[in-house]
Every structure is written in C-alpha cells, then in structure tokens.
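Let me begin by presenting the structure, written as structure tokens, before commenting on it.
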Amino acid sequence: MKKLIIATAALALSAGMALADTVRMGTEGAYPPYNFINDSGEVDGFERELGDELCRRAGLECTWVTNEWDSIIPNLVSGNYDTIIAGMSITPERDEVIDFTQAYLPPDPSAYMALAGADVDLEHGVIAAQTGTIQANYVAQSGATLVEFATPDETIAAVRNGEADAVLADGSYLEPIAAESNGEFVILKEVPIGGGVGMGLRESDQELRAKFDKAISEMKADGSLNALIKKWFGDDAQTWE
Amino acid sequence: MFSFCADPSTLEGTAWLACYLTTGKHLAFYASFGTVLLLLAVTAPCALALGFLGAMAARSHFPPLSWLGKAYIAVVRGVPDIAFFLFFVIALDQAIEWIRHKTLCPDWTEPIRRGNDFVVCPAAKMPLSTSPQWVHEAYGFSLAVVTFSIVFGAFAANVLYGAMRSVPWAQLETAEAYGMTRRQVFWRILVPQMWIYALPGLSNLWMILIKATPLLFLLGVEDIVYWAKELGGSKTSAYAYPHPDWRLYYFLALLVFYLGFTRLSEIVFERLTIRLSHGQATLGGEALRKAAT
C-alpha cells in the first residue's frame with residue numbers, strides 16, 4: 001500500500017513537471033513579417049521560427065496562441081498563456097506590469113508612410129497608429145492628431161481612404177507594403193523610437209525568463225539569430241554585432 | 001486542397017481563386033459559420049430557461065426569491081454588454097481556477113495574486129496548459145455560452161415576466177374557482193397562454209442575439225467577423241496569396257448571411273405567431289376564429 005502511495009506521488013510529481021514544461025506562446029498574428037497567420041491558418045513569421053528554435057534550445061514544449069493586441073498583456077498576467085512574442089518593444093511603462101527577456105531584435109526605427117504625392121504635415125496632421133504601441137505614444141506627444149486602430153492593417157486602410165494623412169509603424173512592417181504598393185505609398189521619414197524587441201513574461205515567472213534569456217544569448221553568439229533576421233527582414237536589416 | 005495548388009505564385013484567374021478560396025484559413029472561416037450557429041443553438045434555449053427561472057423568481061410570493069429575481073433582471077440589464085463581457089468572463093475564469101487551486105493544490109504556499117499576476121498551480125489551470133488547442137477553444141466557447149445566456153436570460157426574464165402578467169386575470173380566477181391549486185393554475189392556465197404575449201419580445205431578443213454574436217471575439221473565440229477581417233485585410237508577399245484590401249467583399253458576404261438568417265427567423269416567428277394565436281383572446285386569435293367560421 002505504502003509503495004502504491006509513493007508510486008502515485010512520484011507519478012503525480014512527474015506529471016506536474018511535465019505540465020510545467022508546456023509553454024503557451026502568445027502572439028498577435030497580424031503583423032507580417034514579425035508574426036502572421038499563414039494561408040493554412042497557422043502562426044508563421046520571424047517570431048514563429050525564432051520561438052520554436054528558442055523552445056528547442058531551452059528544452060521546452062511550446063504551443064502557439066493568438067490574442068488581439070489590445071488585451072495581450074492582461075491575458076498574459078491572468079495566465080491564459082505564458083509569453084508574449086509579438087514584436088513588442090521593451091518600454092519602461094510595459095516593464096512595470098510585465099518582465100522582458102533581453103532584446104532579440106535591435107531597435108528598429110519607426111517610419112511614417114503616406115500616399116505618394118500627398119503633401120503631409122507630420123507635425124500637425126492626422127497620423128494613424130495601432131492602439132497601445134510606442135508609435136501611438138509618440139504621435140500623441142508629437143502634437144499631431146492621433147487616430148488609433150485595433151489592428152495594423154486598419155492603420156494602412158485609414159491612410160488609403162484618406163481618414164489619416166500618414167501612418168506611423170515599425171519600419172520593417174511598412175517597407176514591404178510600400179515596396180509592393182506599385183507606387184501608391186511612400187516612406188516619408190524614419191524616427192528612432194523604441195528600445196529593441198523582447199519577449200514578455202509574467203513578473204513571477206523568473207525561471208522561464210532565465211531559460212529564454214540563455215537561449216537568446218546562445219543564438220546571438222552563434223550567429224543563428226542574425227541569419228534568421230536576414231531571412232525575414234532582408235539583408236539590410238539591423239543585426240547584432 | 002486541389003493538386004494544382006502546390007505553387008500559388010504560378011496560378012492565374014479562376015484557378016488562383018479556386019485555390020485561394022480553399023486555403024486552410026478559408027476553411028477555418030467557413031467552419032466559423034458553424035461556430036456561430038452552434039452558439040445560437042445552444043445559447044437560445046439556455047437563455048430562455050434562465051429567463052423563465054428569473055421570471056418565476058420575480059413573481060414569487062416568497063420575498064427573498066422575488067428580490068433575487070428582480071435584482072438579476074435589473075443588474076444585468078443595466079450593465080453595458082461590453083463591460084459585462086470583459087469583466088465577467090475574466091472574473092468567472094479566475095474564480096474557477098481559484099477553486100481548483102484550493103482543492104487540487106492544498107500544499108501550495110505561494111500567494112495567487114502577486115502584483116499584477118494571477119498565478120495558480122499548473123494542475124489548477126483551466127484548461128491545463130498541456131491540453132490540445134481544441135480543449136482551450138471549447139472552454140472559451142462554453143464561457144461564451146454562459147455569458148450570453150446570463151445576459152440574454154435577464155432580458156428574456158423581463159419579457160416573460162410581462163407576458164405572465166398579460167394573461168387575462170379572469171382566466172386565472174376562473175381556474176382557481178374550479179379548485180385548482182396555485183401551482184396548477186400556473187402550469188395549466190398561465191404558462192400555455194403566455195407565449196403569445198411573450199413572442200414579440202422574444203423575437204426581438206433573438207434578432208439581437210444573432211447580431212450580438214461578433215462579441216464572441218472579445219472572448220477569444222474566432223468568429224466569422226474575426227475571420228472576415230483577417231482574410232480581407234491587404235496581404236503582402238509574406239503570404240502565399242497576396243491581394244489588396246478585400247474587406248468590403250468579405251463583409252458583403254457577412255451582410256448576406258446575416259440578412260438571410262434574420263429573414264428566415266422572421267418567417268419562422270410569423271408561423272409561430274399564427275400557431276400560438278389559436279383560441280386566444282387577442283386580435284390575432286379573433287381573426288383566426290372569424291376566418292374559420
């Protein structure tokens with residue numbers, strides 16, 4: 001009987017260990033090439049590939065979940081998933097609520113994009129940005145009129161239909177759009193905001209954070225992270241020294 | 001889907017469209033119509049049952065029960081739907097996890113609330129983080145059903161409460177004069193006759209429920225509006241099927257779906273009204289009687 005109890009306890013314990021090893025990765029799934037839902041309905045993009053590699057190196061089993069950008073932090077702290085890996089820039093405001101790993105992407109300058117030929121006043125015009133992003137903060141402080149949208153795609157649509165004069169977003173998100181627009185859109189100006197992109201975790205989850213930090217350091221050291229950045233963001237993208 | 005879809009960049013015209021409309025993402029979009037219909041099919045009876053209980057409680061002769069029923073109707077009808085959906089669901093989810101934590105991990109000494117974090121032991125997670133994705137989706141879906149039922153149940157309770165008071169009083173008195181107990185009067189005279197008075201209100205609620213289904217996305221369930229937005233958004237060459245902003249076409253398809261569905265509902269409600277009017281002391285019932293003679 002005693003043996004049975006010990007065996008059950010051991011089983012329960014090992015089951016508990018197995019449970020702790022499944023990490024749910026939360027992302028937005030609407031921000032190519034960082035992360036997006038591909039045509040077969042799966043999460044794809046730079047962060048999918050990076051996340052899978054980090055999990056492999058850290059010996060974790062990972063599953064992917066999407067959540068809209070607006071409520072991505074509240075759902076992390078209430079435990080619906082364990083990490084945010086969604087092109088999220090590390091900022092002091094966010095750092096008060098959640099913790100970040102070291103940056104896996106160097107600071108990427110943000111860019112203004114407008115219709116070609118339009119005369120846009122970036123200081124006082126109407127600028128579109130996604131809700132809750134560093135770009136939205138920047139526009140609000142710059143003196144221009146800010147219009148916010150829930151998804152990145154809607155900010156582009158707002159410029160196209162004239163609701164906003166220009167859109168401010170990460171340069172690497174806007175560049176392919178401008179390049180493939182057949183001259184409809186042009187990049188106007190780049191502004192250096194943001195302090196690098198990292199993975200967000202709950203503040204009480206230090207152990208997991210350390211694991212991912214270690215895996216990111218490894219990938220930086222052996223050059224595989226730079227290769228991945230070049231694959232998704234082009235050869236001109238900023239890489240790690 | 002089709003064998004010629006292997007390399008989308010070489011396709012053109014109808015072949016491209018055929019492949020595009022059968023991608024995994026589109027199949028998920030088509031399946032989400034089923035999700036919405038399933039939600040309606042499950043929620044409507046639940047809300048009606050809850051409404052019936054609420055109305056019964058509100059007209060009870062036992063004061064605390066009556067207060068409970070009336071408070072339910074007043075509070076839930078008064079709170080904005082969106083606030084209810086955002087707050088109640090997170091609270092419900094955390095309450096379930098808290099109870100599981102207390103029963104499953106009694107040895108756990110660390111606090112559950114740490115600053116902003118809500119942390120329960122892995123075994124108390126609902127659903128477990130090891131569960132496959134469909135379990136998470138089913139759980140989210142059931143939370144949605146519960147929330148929709150509570151919200152629409154309150155409105156239904158108010159409609160049914162009014163309908164119960166509309167049944168001609170003389171009929172109930174007559175039944176009592178025949179020696180029926182209060183319970184018998186309720187089940188044999190009042191309930192069968194109240195539906196004709198409740199029907200206009202209930203059909204309104206049904207229409208509003210159909211149109212409220214896009215709130216599903218607030219609860220993390222991927223419904224038709226979510227997919228229409230996602231599929232219709234402009235796509236760069238990061239995707240296999242790049243295209244400009246096509247949201248207009250996708251939302252037009254949703255418009256057709258919703259209009260068709262509400263029209264169908266109207267026809268069903270019209271037939272139901274005629275059926276329930278038989279022998280009733282209402283204008284509709286009188287017209288039926290005259291037509292028959």
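Every chain in the structure tokens takes a letter, A first, then B, and so on in the order presented; its residues are numbered from 1, and the ligands are numbered from 1 following the presented order.
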Strand (DSSP E or B) call set, DSSP backbone run, region 2-169 of chain A, as a compact mmCIF listing (two decimals) with C-alpha atoms, in the first residue's frame:
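Wrote result.txt, looks like this:
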```
# COMPACT_ATOMS: atom_id res chain seq x y z
CA THR A 22 4.43 23.13 -21.88
CA VAL A 23 4.81 26.81 -22.64
CA ARG A 24 1.99 28.65 -24.35
CA MET A 25 3.37 31.32 -26.65
CA GLY A 26 1.04 34.29 -27.14
CA THR A 27 1.24 36.39 -30.29
CA ALA A 30 -1.44 40.23 -37.73
CA TYR A 31 1.97 41.88 -38.12
CA ASN A 35 4.08 37.25 -36.92
CA PHE A 36 1.05 36.45 -39.01
CA ILE A 37 -1.45 33.71 -39.71
CA VAL A 43 1.06 31.15 -36.89
CA ASP A 44 4.02 31.97 -39.14
CA GLU A 61 7.49 22.13 -25.45
CA CYS A 62 5.68 25.10 -26.93
CA THR A 63 2.24 25.71 -28.38
CA TRP A 64 1.06 28.86 -30.14
CA VAL A 65 -1.95 31.00 -29.29
CA THR A 66 -3.16 34.23 -30.87
CA THR A 83 4.86 34.50 -23.01
CA ILE A 84 4.22 37.40 -25.36
CA SER A 89 9.24 46.87 -27.86
CA ASP A 99 9.04 41.46 -17.40
CA PHE A 100 11.06 41.23 -20.61
CA LEU A 105 15.74 42.35 -32.27
CA SER A 110 9.77 53.52 -36.97
CA ALA A 111 8.66 55.11 -40.21
CA TYR A 112 5.94 57.40 -41.50
CA MET A 113 4.19 56.20 -44.63
CA ALA A 114 1.76 58.26 -46.74
CA LEU A 115 0.11 58.25 -50.15
CA VAL A 126 -3.68 63.37 -38.72
CA ILE A 127 -1.49 60.31 -38.05
CA ALA A 128 -2.74 56.73 -37.72
CA ALA A 129 -1.14 54.23 -35.32
CA GLN A 130 -2.11 50.98 -33.66
CA THR A 145 -3.69 64.39 -34.18
CA LEU A 146 -3.63 60.68 -33.36
CA VAL A 147 -6.20 58.22 -34.72
CA GLU A 148 -5.88 54.76 -33.23
CA PHE A 149 -6.87 51.40 -34.68
CA ALA A 166 0.08 59.20 -42.72
CA VAL A 167 0.70 56.09 -40.63
CA LEU A 168 3.48 55.58 -38.10
CA ALA A 169 4.61 51.99 -37.52
```
If you take only C-alpha atoms and a cut-off of 8 Å, which residues of chain A touch chain B, and what are their nearest atom pairs and distances in Å to one decimal, in chain and number order, as a tab-separated table?
```
residue	atom	partner	partner_atom	distance
A:Gly16	CA	B:Ala123	CA	7.0
A:Leu19	CA	B:Thr130	CA	6.0
A:Ala20	CA	B:Pro122	CA	6.4
A:Thr22	CA	B:Thr130	CA	5.9
A:Val23	CA	B:Ser129	CA	7.3
A:Arg24	CA	B:Ser129	CA	7.0
A:Ala30	CA	B:Glu230	CA	7.8
A:Pro32	CA	B:Ala238	CA	6.8
A:Pro33	CA	B:Ala238	CA	6.6
A:Asn38	CA	B:Tyr239	CA	6.2
A:Asp39	CA	B:Lys25	CA	5.4
A:Ser40	CA	B:Gly24	CA	3.8
A:Gly41	CA	B:Lys25	CA	4.3
A:Asn67	CA	B:Gly220	CA	7.0
A:Val77	CA	B:Asp117	CA	4.6
A:Ser78	CA	B:Phe118	CA	4.9
A:Gly79	CA	B:Phe118	CA	6.4
A:Val97	CA	B:Asn116	CA	6.6
A:Asp153	CA	B:Gly233	CA	6.2
A:Glu154	CA	B:Gly233	CA	7.9
A:Ala157	CA	B:Asp245	CA	7.6
A:Pro176	CA	B:Thr236	CA	6.9
A:Ile177	CA	B:Thr236	CA	6.3
A:Glu180	CA	B:Thr236	CA	7.0
A:Arg202	CA	B:Asp117	CA	6.6
A:Glu203	CA	B:Asp117	CA	7.3
A:Ser204	CA	B:Asp117	CA	7.1
```
Nearest candidate to Phe33 (chain B) (options B:Ala281, B:Ile99, B:Ala228, B:Ala287; using only C-alpha atoms) =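 Once distances to Phe33 (chain B) are computed over only C-alpha atoms, the minimum belongs to B:Ala228.
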message = I'd like to know which residues of region 129-169 of chain A are helix (DSSP H, G or I) (by DSSP, run on the backbone); could you write them as a PyMOL selection string?
response = chain A and resi 134-142+152-160
key: Interatomic distance (Å, one decimal) between CA of Leu11 (chain B) and CA of Ser32 (chain B)   = 27.4 Å
